[in-house]
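Working notes, beginning with the structure itself.
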Amino acid sequence: MKHLIPLLIATLVSHLATAQAPPAASDRPRYVAQWYATFAPRTALDMVRQTPGFTLAEGETDRRGLSGAVGNVLIDGRRPSAKEQTIEEILQRIPAGQVLAIELLRGADTAGDSSGQSVLLNVVRTPFTGAGVGSLGFEYAQQHEPAPNGWMSWTGRARSIDYEVGASTYSLARELPGTRRLLDVDGMQVGTRRDSSPRDFGEYALNGEAGMDIGAGRLKVTGQAYYSRYHEDSRVASFDAGGAPLGADFNPYTESKRSGEFGGHFDRTVGAWQLATVALLTRTRFESDIVSSHSDAGGVVDSVFAQQLAHDSGESILRGALSRVFAAHRLEFGVEAALNTLDADLALTFDSGGGPFPIPVPNSNVRIEEQRYEAFVDHAWQLNPRWSLDWRLAGEYSRLVFSGDSNQVVTLSFVKPALQFTRKFGAANQLRFRIVRDVGQLDFTAFVSSAALADERIDGGNPDLKPQTQWSAEVTADLRPGKDFALSLGAFHRWVSDTADFTPVGPPEALVDSPGNIGAARVYGVQLAGRAPLRVLRGASVNLDATWQQSSVTDPLTLREREISKFEKLALTAGFRQDLPSFAWGLSYVAKPRTSAYLLREIERNRASASLDAFVEMPLPRGLRLHFDWLSLLGQEQTRDRMFFDPDRRAGAFTAERSERLPGHWFQLNVSGSF
């Protein structure tokens, strides 16, 4: 794949140099449903994936507030009133026959949107009529048994109520075998561990939505019930340098998740103003159970660790906004209030033959409650036909109360300004400059401790963790010289405060690693995204979405500069697709960079398996369509290197563990259709 990026860039540049821009009254790209006919789409998701110059983004879990968590897609000009449901799931439930057009909102067109996205996509639907769409299929992997999957949705109208109901299921049964090499301080191999980990996963969801006119406004409600279960039978056999068995560890692990979500969106006109209100309630129950037992070379079990963990979380959000257009100006202001809770319970025991006894883990049995309030004002100004200005000012206040293993109250307050200039040129091109201050999300599980039994370490919780904040400056050129061509080039620089990383917590004699804040950092990089047709092949096109970035932070332990833990230097997705009269086929590639985590006594480096996938689509009788995916063609190994230090990372390397796991290959077969 190393030659694919230059090929794609050359294709994009060549097309930009020769393409002629079509005349347009507006620089808002708009793709009517007929434009997608070549791809034979079944759902709105199929259409969105083929929209030039757009990359679908799910909600950003590292941003606070409702707007930052709902992705970059609008449905009929409104954001989905959901957080537990992914935007892909929502788009998949919309039949392609109900999509009138897809619009791209850029620059000044995104004014008033507090998500921080510079490009939004709007799915414009026709009035609701009775229609259904669905898919059935299976995945076949190393477990040598088919894992079924499928989904369906039906949209219709009952008197004055538009409604949609749907259901989905997905399952897998895979294996991830591997080998670990144990090295001493001189790099000599002193042992081997062989991993086997057959695993299975299943998830099930029911969802629905309904819209109706009430008084002078429009009400839309959504809901989902969800359940998933994951199980892994992990076994690690240990051998000395000569291959003699030393013993084995068994780590069967099971987790489950149950969640429910209900949301509502009400719009109405109040004089010359437009009122929009959103209410969202989510409740989630997460449970996990692991028993880690060690047996000697003779197969006799000599120790057993067991951990049961339960998290009950909830989120309640109420948001209201008023907006109005004044000639060349648009003004919006609003407020948001949220109540977030987490009840965490953990029981860890150890049994060496005399019966289990409890092991206390600090900050593992905690209740956390956060009350958060935000107010904002947004002003968009069309300075002239070419220039526009959008500025935003938001402020938030939150109060966190910890009880249980930790008892304390924490208050936080932030001011979040943003400024964006947009310059139009040509028929549909833009140059955007933006500077914004963001506040990172607080993941409540970072406050709570748990034991990573398979890794023989405690993942500590830290109630003193603060949200990471950053100033970002970005410049982006969005070029669209043709209807089927798009190229976006950008650069960014971020000044980070209270960088989220790992810090040791606890008493000096029993320090454990926990999420924490380690000071200031810098992040900078460039982005390239685009789509272009390949003139040398009929019906062929290429697409690319790449981000290269670097980070720099002072390590609080060694006082040396390093990258941020778990920082991804490269994000790359590339694809090729050819649509022919009788079938379509293509390839996609997703790169996986190496990441590093800097712990107190350990440096852990991971690289997931890069993915090269192929697909074929073809029509079947009765309007059905077959889709075949051959996944993980490269079968590239996943790697994990762990370097251990004594007493901490300021000392020389003590021992090391290097592991490789092979994901293998698998395929998926699905048949979809409308009804």
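Just so we're on the same page: first chain in the structure tokens is A, next is B, and so on; residues restart at 1 for each chain, and ligands are numbered from 1 in the order they show up.
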Surrounding residues of A:Met152 excluding itself and chain neighbours under 2 positions, 9 Å, only C-alpha atoms, as a ChimeraX atom specification: /A:92-93,132-136,150,154,165-168
Which residues, written as a compact mmCIF listing (two decimals) with C-alpha atoms, in the first residue's frame, have at least one atom at most 6 Å from A:Met618, with only C-alpha atoms counted and residues fewer than 4 positions away on the same chain left out?
# COMPACT_ATOMS: atom_id res chain seq x y z
CA PHE A 583 -21.58 -5.57 -10.48
CA ARG A 625 -28.64 -7.16 -3.78
CA LEU A 626 -25.74 -9.33 -2.59
Give me the stretch 71-101 of chain A side of the contact with stretch 317-324 of chain A, cut-off 12 Å, one line per residue showing its nearest atom pair and distance in Å at one decimal, counting only C-alpha atoms, sorted by chain and residue number, as a tab-separated table.
residue	atom	partner	partner_atom	distance
A:Ser81	CA	A:Ile317	CA	10.4
A:Ala82	CA	A:Ile317	CA	10.7
A:Lys83	CA	A:Ile317	CA	10.7
Can you write out the residues you just picked, keeping C-alpha atoms, as a PDB file, in the first residue's frame?
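Output file again-v8.pdb follows:
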ATOM      1  CA  SER A  81     -31.814  13.431  19.478  1.00  0.00           C
ATOM      2  CA  ALA A  82     -29.649  10.455  20.427  1.00  0.00           C
ATOM      3  CA  LYS A  83     -26.228   9.606  21.867  1.00  0.00           C
TER       4      LYS A  83
END
Tell me, as a PDB file with C-alpha atoms, in the first residue's frame, which residues lie within 9 Å of stretch 360-362 of chain A, counting only C-alpha atoms; anything in the same chain fewer than 4 positions away does not count.
ATOM      1  CA  LEU A 346     -15.932  -3.690  42.346  1.00  0.00           C
ATOM      2  CA  ALA A 347     -15.161  -6.875  44.271  1.00  0.00           C
ATOM      3  CA  LEU A 348     -11.664  -8.382  43.936  1.00  0.00           C
ATOM      4  CA  THR A 349     -10.686 -11.588  45.736  1.00  0.00           C
ATOM      5  CA  ASP A 405     -14.171   5.338  48.691  1.00  0.00           C
ATOM      6  CA  SER A 406     -13.548   8.982  47.813  1.00  0.00           C
ATOM      7  CA  VAL A 448     -12.785   4.590  39.204  1.00  0.00           C
ATOM      8  CA  SER A 449     -10.163   1.861  39.805  1.00  0.00           C
ATOM      9  CA  SER A 450     -10.202  -1.695  38.471  1.00  0.00           C
ATOM     10  CA  ALA A 451      -7.777  -4.610  38.193  1.00  0.00           C
ATOM     11  CA  ILE A 458      -4.169  -2.135  38.853  1.00  0.00           C
ATOM     12  CA  GLY A 460      -6.161   3.284  39.187  1.00  0.00           C
ATOM     13  CA  GLY A 461      -8.970   5.819  39.406  1.00  0.00           C
ATOM     14  CA  GLY A 506      -1.835   6.280  45.912  1.00  0.00           C
TER      15      GLY A 506
END
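In this comparison, which uses only C-alpha atoms, the residue of A:Leu544, A:Leu281, A:Ile102, A:Val590 approaching A:Arg577 most closely is A:Leu544.
The smallest atom-to-atom distance between A:Leu91 and any of A:Arg106, A:Arg330, A:His294, A:Arg49, using only C-alpha atoms, is found for A:Arg49.
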Residue list (strand (DSSP E or B), DSSP) for stretch 485-667 of chain A, as a count of residues only: 119
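Shell of A:Val73 at 8 Å, with only C-alpha atoms counted and residues fewer than 5 places along the chain excluded, is A:Leu56, A:Arg79, A:Ile87, A:Leu120, A:Leu121, A:Asn122, A:Val123.
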With N, CA and C atoms retained, could you export that selection as a short mmCIF file (atom, residue, chain, number, x, y, z; two decimals), in the first residue's frame?
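Ended up saving to result.cif:
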data_model
loop_
_atom_site.label_atom_id
_atom_site.label_comp_id
_atom_site.auth_asym_id
_atom_site.auth_seq_id
_atom_site.Cartn_x
_atom_site.Cartn_y
_atom_site.Cartn_z
N LEU A 56 -17.62 10.65 7.26
CA LEU A 56 -18.58 10.48 8.34
C LEU A 56 -17.85 10.41 9.67
N ARG A 79 -30.27 17.83 14.19
CA ARG A 79 -29.42 16.77 14.71
C ARG A 79 -30.29 15.68 15.33
N ILE A 87 -24.51 7.37 14.48
CA ILE A 87 -25.07 8.02 13.31
C ILE A 87 -25.17 7.03 12.15
N LEU A 120 -20.71 19.96 7.65
CA LEU A 120 -21.85 19.14 8.06
C LEU A 120 -22.56 18.61 6.82
N LEU A 121 -23.17 17.46 6.97
CA LEU A 121 -23.96 16.87 5.89
C LEU A 121 -25.42 16.84 6.32
N ASN A 122 -26.31 17.25 5.41
CA ASN A 122 -27.75 17.28 5.69
C ASN A 122 -28.47 16.33 4.74
N VAL A 123 -29.15 15.33 5.32
CA VAL A 123 -29.95 14.40 4.54
C VAL A 123 -31.37 14.96 4.44
#
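Here atom CA of A:Leu442 is placed at a distance of 8.6 Å from atom CA of A:Gln468.
The interatomic distance for the pair atom CA of A:Arg658 and atom CA of A:Leu172 works out to 27.4 Å.
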Long-range neighbours of A:Asn543 as a ChimeraX atom specification, 8 Å cut-off, only C-alpha atoms, 2 positions minimum in chain: /A:8,529-532,541,545,574-576
Shell of 8 Å around A:Pro533, only C-alpha atoms, local chain residues under 3 positions omitted, as a ChimeraX atom specification: /A:484-485,539-542
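For A:Ala37, the set of protein, DNA and RNA residues having any atom at most 12 Å away, when counting only C-alpha atoms and skipping those fewer than 2 positions along the same chain, is A:Tyr31, A:Val32, A:Ala33, A:Gln34, A:Trp35, A:Phe39, A:Ala40, A:Pro41, A:Arg42, A:Thr43, A:Asp46, A:Met47, A:Gln50, A:Ala96, A:Gly97, A:Val99, A:Asp579, A:Leu580, A:Pro581.
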Prev. selection, N, CA and C atoms, output as a PDB file, in the first residue's frame:
ATOM      1  N   TYR A  31     -26.354  17.155  -3.794  1.00  0.00           N
ATOM      2  CA  TYR A  31     -26.390  15.952  -4.616  1.00  0.00           C
ATOM      3  C   TYR A  31     -27.793  15.356  -4.538  1.00  0.00           C
ATOM      4  N   VAL A  32     -28.510  15.402  -5.641  1.00  0.00           N
ATOM      5  CA  VAL A  32     -29.863  14.848  -5.670  1.00  0.00           C
ATOM      6  C   VAL A  32     -29.775  13.328  -5.688  1.00  0.00           C
ATOM      7  N   ALA A  33     -30.885  12.673  -5.373  1.00  0.00           N
ATOM      8  CA  ALA A  33     -30.885  11.222  -5.236  1.00  0.00           C
ATOM      9  C   ALA A  33     -30.402  10.526  -6.498  1.00  0.00           C
ATOM     10  N   GLN A  34     -30.745  11.076  -7.679  1.00  0.00           N
ATOM     11  CA  GLN A  34     -30.370  10.425  -8.933  1.00  0.00           C
ATOM     12  C   GLN A  34     -28.857  10.344  -9.107  1.00  0.00           C
ATOM     13  N   TRP A  35     -28.123  11.273  -8.508  1.00  0.00           N
ATOM     14  CA  TRP A  35     -26.669  11.267  -8.650  1.00  0.00           C
ATOM     15  C   TRP A  35     -26.071   9.981  -8.090  1.00  0.00           C
ATOM     16  N   PHE A  39     -24.417   3.785  -7.778  1.00  0.00           N
ATOM     17  CA  PHE A  39     -23.959   2.954  -6.670  1.00  0.00           C
ATOM     18  C   PHE A  39     -25.039   2.007  -6.157  1.00  0.00           C
ATOM     19  N   ALA A  40     -26.250   2.075  -6.714  1.00  0.00           N
ATOM     20  CA  ALA A  40     -27.368   1.224  -6.290  1.00  0.00           C
ATOM     21  C   ALA A  40     -27.530   1.224  -4.771  1.00  0.00           C
ATOM     22  N   PRO A  41     -27.690   2.396  -4.146  1.00  0.00           N
ATOM     23  CA  PRO A  41     -27.769   2.438  -2.680  1.00  0.00           C
ATOM     24  C   PRO A  41     -29.080   1.854  -2.171  1.00  0.00           C
ATOM     25  N   ARG A  42     -29.024   1.245  -0.986  1.00  0.00           N
ATOM     26  CA  ARG A  42     -30.218   0.745  -0.309  1.00  0.00           C
ATOM     27  C   ARG A  42     -30.674   1.697   0.784  1.00  0.00           C
ATOM     28  N   THR A  43     -29.720   2.367   1.415  1.00  0.00           N
ATOM     29  CA  THR A  43     -30.024   3.217   2.558  1.00  0.00           C
ATOM     30  C   THR A  43     -29.330   4.562   2.414  1.00  0.00           C
ATOM     31  N   ASP A  46     -25.544   4.264   2.642  1.00  0.00           N
ATOM     32  CA  ASP A  46     -24.835   3.978   1.391  1.00  0.00           C
ATOM     33  C   ASP A  46     -24.575   5.257   0.605  1.00  0.00           C
ATOM     34  N   MET A  47     -25.527   6.180   0.612  1.00  0.00           N
ATOM     35  CA  MET A  47     -25.390   7.425  -0.136  1.00  0.00           C
ATOM     36  C   MET A  47     -24.369   8.350   0.525  1.00  0.00           C
ATOM     37  N   GLN A  50     -20.761   7.640  -0.226  1.00  0.00           N
ATOM     38  CA  GLN A  50     -20.300   7.948  -1.575  1.00  0.00           C
ATOM     39  C   GLN A  50     -20.305   9.440  -1.871  1.00  0.00           C
ATOM     40  N   ALA A  96     -33.082   4.437   0.972  1.00  0.00           N
ATOM     41  CA  ALA A  96     -32.563   5.359  -0.042  1.00  0.00           C
ATOM     42  C   ALA A  96     -33.696   6.015  -0.819  1.00  0.00           C
ATOM     43  N   GLY A  97     -34.806   5.306  -0.991  1.00  0.00           N
ATOM     44  CA  GLY A  97     -35.930   5.872  -1.722  1.00  0.00           C
ATOM     45  C   GLY A  97     -36.575   7.057  -1.048  1.00  0.00           C
ATOM     46  N   VAL A  99     -34.739   9.482   0.373  1.00  0.00           N
ATOM     47  CA  VAL A  99     -33.789  10.590   0.356  1.00  0.00           C
ATOM     48  C   VAL A  99     -34.004  11.414  -0.909  1.00  0.00           C
ATOM     49  N   ASP A 579     -17.759   0.791 -10.351  1.00  0.00           N
ATOM     50  CA  ASP A 579     -19.151   0.425 -10.563  1.00  0.00           C
ATOM     51  C   ASP A 579     -19.362   0.110 -12.032  1.00  0.00           C
ATOM     52  N   LEU A 580     -19.694  -1.143 -12.312  1.00  0.00           N
ATOM     53  CA  LEU A 580     -19.954  -1.622 -13.660  1.00  0.00           C
ATOM     54  C   LEU A 580     -21.433  -1.967 -13.791  1.00  0.00           C
ATOM     55  N   PRO A 581     -21.942  -2.123 -15.005  1.00  0.00           N
ATOM     56  CA  PRO A 581     -23.380  -2.394 -15.169  1.00  0.00           C
ATOM     57  C   PRO A 581     -23.868  -3.630 -14.418  1.00  0.00           C
TER      58      PRO A 581
END
Given only C-alpha atoms as the counted atoms, nearest of A:Ala428, A:Gln143, A:Ser413, A:Gly314 to A:Arg30: A:Ala428
Nearest to A:Ala418, chosen from A:Trp471, A:Phe667, A:Phe447, A:Trp387, with only C-alpha atoms counted in the distances: A:Trp471
Nearest to A:Glu89, chosen from A:Ser259, A:Ala205, A:Gly130, A:Phe138, with only C-alpha atoms counted in the distances: A:Ala205
Residues of stretch 453-674 of chain A in helix (DSSP H, G or I), written as a PyMOL selection string: chain A and resi 453-455+508-510+621-623
Got time to write the residues from that selection, N, CA and C atoms, as a PDB file, in the first residue's frame?
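The new file part00.pdb reads:
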ATOM      1  N   LEU A 453      -6.364  -8.077  35.441  1.00  0.00           N
ATOM      2  CA  LEU A 453      -5.781  -9.318  35.939  1.00  0.00           C
ATOM      3  C   LEU A 453      -4.870  -9.976  34.918  1.00  0.00           C
ATOM      4  N   ALA A 454      -5.257  -9.950  33.636  1.00  0.00           N
ATOM      5  CA  ALA A 454      -4.424 -10.591  32.618  1.00  0.00           C
ATOM      6  C   ALA A 454      -3.061  -9.916  32.499  1.00  0.00           C
ATOM      7  N   ASP A 455      -2.996  -8.596  32.816  1.00  0.00           N
ATOM      8  CA  ASP A 455      -1.731  -7.858  32.745  1.00  0.00           C
ATOM      9  C   ASP A 455      -1.058  -7.724  34.107  1.00  0.00           C
ATOM     10  N   PRO A 508       3.013   6.197  48.683  1.00  0.00           N
ATOM     11  CA  PRO A 508       4.325   5.961  48.048  1.00  0.00           C
ATOM     12  C   PRO A 508       4.705   4.493  47.951  1.00  0.00           C
ATOM     13  N   GLU A 509       4.283   3.688  48.916  1.00  0.00           N
ATOM     14  CA  GLU A 509       4.667   2.275  48.895  1.00  0.00           C
ATOM     15  C   GLU A 509       3.743   1.437  48.010  1.00  0.00           C
ATOM     16  N   ALA A 510       2.661   2.027  47.480  1.00  0.00           N
ATOM     17  CA  ALA A 510       1.706   1.254  46.667  1.00  0.00           C
ATOM     18  C   ALA A 510       1.158   2.116  45.534  1.00  0.00           C
ATOM     19  N   PRO A 621     -32.220 -11.509  -8.272  1.00  0.00           N
ATOM     20  CA  PRO A 621     -33.633 -11.400  -8.666  1.00  0.00           C
ATOM     21  C   PRO A 621     -34.490 -10.777  -7.566  1.00  0.00           C
ATOM     22  N   ARG A 622     -35.655 -10.289  -7.975  1.00  0.00           N
ATOM     23  CA  ARG A 622     -36.639  -9.681  -7.076  1.00  0.00           C
ATOM     24  C   ARG A 622     -36.111  -8.433  -6.373  1.00  0.00           C
ATOM     25  N   GLY A 623     -35.207  -7.731  -7.027  1.00  0.00           N
ATOM     26  CA  GLY A 623     -34.722  -6.466  -6.484  1.00  0.00           C
ATOM     27  C   GLY A 623     -33.766  -6.593  -5.324  1.00  0.00           C
TER      28      GLY A 623
END
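You can rank A:Ala452, A:Leu400, A:Asp184, A:Tyr373 by their closest distance to A:Asp289 using only C-alpha atoms, and at the top of that list sits A:Ala452.
Atom CA of A:Ser488 is found 10.8 Å from atom CA of A:Arg432.
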